[in-house]
Each structure stands twice: as structure tokens, then as C-alpha cells.
$ cat protein_32.cif   # mmCIF, C-alpha atoms and all ligand atoms
data_upload
loop_
_atom_site.label_atom_id
_atom_site.label_comp_id
_atom_site.auth_asym_id
_atom_site.auth_seq_id
_atom_site.Cartn_x
_atom_site.Cartn_y
_atom_site.Cartn_z
CA MET A 1 19.75 9.20 -1.78
CA ALA A 2 19.31 8.95 1.96
CA ILE A 3 17.51 6.42 4.12
CA GLN A 4 13.77 7.06 3.84
CA ARG A 5 10.54 5.74 5.30
CA THR A 6 7.46 4.98 3.23
CA PHE A 7 3.96 3.77 3.96
CA SER A 8 2.64 0.52 2.49
CA ILE A 9 -0.68 -1.36 2.51
CA ILE A 10 -1.29 -4.99 1.66
CA LYS A 11 -4.83 -4.60 0.31
CA PRO A 12 -7.97 -6.74 0.87
CA ASP A 13 -7.56 -8.83 -2.30
CA ALA A 14 -4.10 -9.90 -1.10
CA THR A 15 -4.88 -10.57 2.57
CA ALA A 16 -7.90 -12.61 1.42
CA ARG A 17 -5.60 -14.85 -0.64
CA ASN A 18 -2.99 -15.26 2.15
CA LEU A 19 -0.38 -13.30 0.20
CA THR A 20 0.98 -11.22 3.10
CA GLY A 21 4.07 -13.39 3.50
CA ALA A 22 4.78 -13.60 -0.22
CA ILE A 23 4.49 -9.82 -0.58
CA ASN A 24 6.66 -9.20 2.47
CA ALA A 25 9.30 -11.52 1.01
CA LYS A 26 9.46 -9.35 -2.13
CA LEU A 27 9.70 -6.15 -0.08
CA GLU A 28 12.48 -7.55 2.09
CA ALA A 29 14.35 -8.99 -0.89
CA ALA A 30 14.38 -5.48 -2.36
CA GLY A 31 16.15 -4.21 0.74
CA LEU A 32 13.12 -2.66 2.43
CA ARG A 33 12.95 -3.25 6.19
CA ILE A 34 9.47 -3.61 7.71
CA ILE A 35 9.82 -1.39 10.79
CA ALA A 36 6.11 -1.42 11.72
CA GLN A 37 3.21 -3.63 10.71
CA LYS A 38 -0.36 -4.33 11.83
CA ARG A 39 -3.52 -5.95 10.50
CA ILE A 40 -6.60 -3.73 10.67
CA HIS A 41 -10.07 -3.55 9.10
CA LEU A 42 -10.98 -0.05 7.91
CA THR A 43 -14.46 1.38 7.81
CA LYS A 44 -15.47 2.88 4.47
CA ALA A 45 -15.28 6.34 6.06
CA GLN A 46 -11.70 5.72 7.24
CA ALA A 47 -10.76 4.51 3.75
CA GLY A 48 -12.37 7.65 2.36
CA VAL A 49 -10.14 9.89 4.46
CA PHE A 50 -7.03 7.97 3.43
CA TYR A 51 -7.92 8.26 -0.27
CA ALA A 52 -9.38 11.80 -0.05
CA VAL A 53 -7.01 12.94 -2.82
CA HIS A 54 -9.04 10.75 -5.21
CA ALA A 55 -12.46 11.99 -4.01
CA GLU A 56 -13.37 13.47 -7.40
CA ARG A 57 -12.32 10.41 -9.42
CA PRO A 58 -15.07 8.15 -10.83
CA PHE A 59 -13.67 5.08 -9.06
CA TYR A 60 -13.55 6.70 -5.57
CA ASP A 61 -16.65 5.04 -4.12
CA GLU A 62 -15.66 1.62 -5.46
CA LEU A 63 -12.12 2.12 -4.12
CA CYS A 64 -13.34 2.98 -0.60
CA GLU A 65 -15.79 0.08 -0.65
CA PHE A 66 -12.99 -2.30 -1.66
CA MET A 67 -10.54 -1.02 0.97
CA ALA A 68 -13.17 -1.63 3.68
CA SER A 69 -14.22 -5.05 2.33
CA ALA A 70 -11.73 -7.16 4.30
CA PRO A 71 -8.70 -6.74 6.58
CA ILE A 72 -5.58 -4.97 5.35
CA VAL A 73 -2.00 -4.97 6.59
CA VAL A 74 -0.51 -1.50 7.06
CA GLN A 75 3.25 -1.14 7.17
CA VAL A 76 6.12 1.29 7.40
CA LEU A 77 9.11 0.39 5.23
CA GLU A 78 12.59 1.82 5.72
CA GLY A 79 15.59 1.76 3.45
CA GLU A 80 17.79 3.57 0.95
CA ASP A 81 15.50 5.51 -1.42
CA ALA A 82 12.57 3.60 0.10
CA ILE A 83 9.74 5.56 -1.57
CA ALA A 84 10.93 5.00 -5.15
CA LYS A 85 12.22 1.51 -4.38
CA ASN A 86 8.83 0.42 -3.05
CA ARG A 87 7.04 1.90 -6.08
CA GLU A 88 9.42 -0.10 -8.27
CA VAL A 89 8.78 -3.38 -6.42
CA MET A 90 5.00 -2.71 -6.52
CA GLY A 91 4.85 -2.21 -10.28
CA ALA A 92 2.42 -0.10 -12.30
CA THR A 93 -1.09 0.63 -10.95
CA ASN A 94 -2.62 -1.48 -13.73
CA PRO A 95 -1.22 -5.02 -13.43
CA ALA A 96 -1.50 -5.41 -17.21
CA GLU A 97 1.20 -2.73 -17.47
CA ALA A 98 3.34 -3.88 -14.53
CA ALA A 99 6.88 -5.15 -15.14
CA GLU A 100 7.82 -8.80 -14.70
CA GLY A 101 8.73 -9.72 -11.14
CA THR A 102 6.75 -6.88 -9.54
CA ILE A 103 4.14 -7.50 -6.85
CA ARG A 104 1.29 -6.24 -9.02
CA LYS A 105 2.37 -8.26 -12.05
CA GLU A 106 2.50 -11.40 -9.97
CA PHE A 107 -0.48 -10.96 -7.65
CA ALA A 108 -2.87 -8.14 -8.64
CA LEU A 109 -6.31 -9.07 -9.97
CA SER A 110 -7.21 -5.79 -11.69
CA ILE A 111 -6.45 -2.06 -11.69
CA GLY A 112 -8.71 -1.70 -8.64
CA GLU A 113 -7.83 -4.88 -6.78
CA ASN A 114 -4.11 -4.37 -7.16
CA SER A 115 -2.77 -5.89 -3.94
CA VAL A 116 -0.62 -3.05 -2.57
CA HIS A 117 -0.45 0.67 -1.87
CA GLY A 118 2.77 2.66 -1.60
CA SER A 119 3.35 6.34 -0.87
CA ASP A 120 4.28 8.42 -3.92
CA ALA A 121 6.38 11.18 -2.25
CA ALA A 122 8.06 12.12 1.02
CA GLU A 123 5.23 14.48 2.02
CA THR A 124 2.49 11.90 1.44
CA ALA A 125 4.56 9.21 3.19
CA ALA A 126 4.74 11.35 6.34
CA VAL A 127 0.98 12.07 6.32
CA GLU A 128 0.07 8.43 5.60
CA ILE A 129 2.39 7.01 8.30
CA ALA A 130 0.93 9.44 10.86
CA TYR A 131 -2.64 8.42 9.94
CA PHE A 132 -2.00 4.80 10.95
CA PHE A 133 0.93 4.70 13.38
CA ALA A 134 2.10 6.39 16.57
CA GLY A 135 5.79 7.30 16.71
CA LEU A 136 6.53 4.62 19.31
CA GLU A 137 5.26 1.91 16.93
CA LEU A 138 8.04 2.60 14.41
CA VAL A 139 10.96 0.39 15.40
CA GLY A 140 13.78 1.17 12.99
P1 LIG A 201 -1.29 3.87 -7.10
O1 LIG A 201 -1.99 2.95 -6.12
O2 LIG A 201 -0.43 3.10 -8.08
O3 LIG A 201 -0.54 4.99 -6.43
P2 LIG A 201 -3.33 5.84 -7.79
O4 LIG A 201 -2.82 6.64 -6.65
O5 LIG A 201 -3.43 6.54 -9.11
O6 LIG A 201 -2.43 4.53 -8.02
O7 LIG A 201 -4.77 5.26 -7.46
C1 LIG A 201 -5.05 4.77 -6.16
C2 LIG A 201 -5.82 3.49 -6.30
O8 LIG A 201 -7.08 3.75 -6.92
C3 LIG A 201 -5.17 2.42 -7.19
O9 LIG A 201 -4.19 1.68 -6.52
C4 LIG A 201 -6.36 1.61 -7.58
C5 LIG A 201 -7.47 2.64 -7.72
N1 LIG A 201 -7.56 3.08 -9.13
C6 LIG A 201 -6.73 3.92 -9.78
N2 LIG A 201 -7.11 4.10 -11.06
C7 LIG A 201 -8.23 3.35 -11.21
C8 LIG A 201 -9.12 3.09 -12.30
N3 LIG A 201 -8.93 3.65 -13.51
N4 LIG A 201 -10.16 2.24 -12.08
C9 LIG A 201 -10.38 1.67 -10.87
N5 LIG A 201 -9.58 1.87 -9.80
C10 LIG A 201 -8.53 2.69 -9.97
MG MG A 202 -1.21 6.59 -5.34
#

$ encode --input "protein_32.cif" --output "C-alpha cells" --more "lines below"
Ligand code: DAT
Ligand code: MG
Amino acid sequence: MAIQRTFSIIKPDATARNLTGAINAKLEAAGLRIIAQKRIHLTKAQAGVFYAVHAERPFYDELCEFMASAPIVVQVLEGEDAIAKNREVMGATNPAEAAEGTIRKEFALSIGENSVHGSDAAETAAVEIAYFFAGLELVG
């Protein structure tokens, strides 16, 4: 596997509990380099565009509401096999099913308030990075 970039979000439940540093420590310990990072506060409409793929799901409105409820930290992570590696460090979507030592096992509150987002494929990573960052902001 080659060096990849992936997109990550530290979600409102985690920023609200001052978990940004603890989450970043887990990402860095896994060998993921944070090559861009900023704290922003999305509008519900902006969250809706980001999660448009889930527009037909029953939890979509609640998800967009949550993502706009408090600041988030958006990040670009770089490393060997970064997309899969980040998904591994994050743990399963539902924290009740997440493996020991993962971010979601340790910090997530529920399947909705699950502390982090991570891209699921190279194509989505590219689209998600471009939604939040200009090329010059990525300092690899
Ligand atoms: P992931 O974030 O692990 O990629 P996903 O893409 O399937 O998971 O869903 C995006 C987010 O939507 C997820 O992080 C939390 C929310 N979500 C998913 N399934 C849900 C459910 N059954 N009830 C409430 N929120 C849900
Ligand atoms: Mg997903």
C-alpha cells in the first residue's frame, strides 16, 4: 500500500468534552500525520451537503443537526494505507461494537454522537478534503 491522505472530523460531542488532544494522540500513535487541521462551526446546510450520501436515511436530519450543534475539528491525515488505518483506529460506527482501544470504544457516546468521522475510500477522501481545504493548506 502506498502513502495516502484521508479526511477526518473530530465531531461536536468530542470537541465539547475537550477530547481533541486525546483523539489526536491516538491518530498520531497509529502513524497518521496531521498535515492540515482547523476548528470550524458548520451550518446545518453545510453539514447536509457533506453528508448528502445519507440524505435518504432516517437519521439524516438528526445527523445534520448534531454536526452543526457545536464546533468541529476538520483534518487531513497522511500515512501508509491512511484510509483503512484511520478507520481501524476509529472503530465501528456503533461504539457498542467498537474494538478495545479504538477512539469510538473509548470516547463515543452513541451511534450518532460517535466522536469522529473518517473517509471510507480514496474517491470520497478526495471529495471530502476538497470540500474543507484548499491545496495550499495541506502541508505534508
Ligand atoms: P461511519 O461514520 O462509521 O462512516 P456511516 O457513514 O454509516 O458511518 O454513517 C455516518 C454517520 O451517521 C455515523 O458516523 C453516525 C450516523 N449514523 C449512522 N447510522 C446511524 C444510526 N443507525 N442512527 C443514528 N445515527 C447514525
Ligand atoms: Mg461513513

$ residues_near_ligand --input "protein_32.cif" --ligand "ligand LIG 201 (chain A)" --cutoff "12 Å" --atoms "only C-alpha atoms and all ligand atoms" --output "PyMOL selection string"
chain A and resi 7-13+47-48+50-67+83-84+86-95+97-98+103-104+108-121+124-125

$ residues_around --input "protein_32.cif" --residues "A:Phe132" --least-positions-apart "2" --cutoff "12 Å" --atoms "all atoms listed in the file" --output "count of residues only"
30

$ atom_distance --input "protein_32.cif" --atom1 "atom CA of A:Arg33" --atom2 "atom CA of A:Thr20"
14.7 Å

$ residues_near_point --input "protein_32.cif" --point "(11.0, 4.0, 1.4)" --cutoff "6 Å" --atoms "all atoms listed in the file" --output "list in words"
Gln4, Arg5, Thr6, Leu77, Glu78, Gly79, Asp81, Ala82 and Ile83 of chain A

$ atom_distance --input "protein_32.cif" --atom1 "atom CA of A:Arg17" --atom2 "atom CA of A:Phe107"
9.5 Å

$ atom_distance --input "protein_32.cif" --atom1 "atom CA of A:Glu80" --atom2 "atom CA of A:Thr102"
18.5 Å
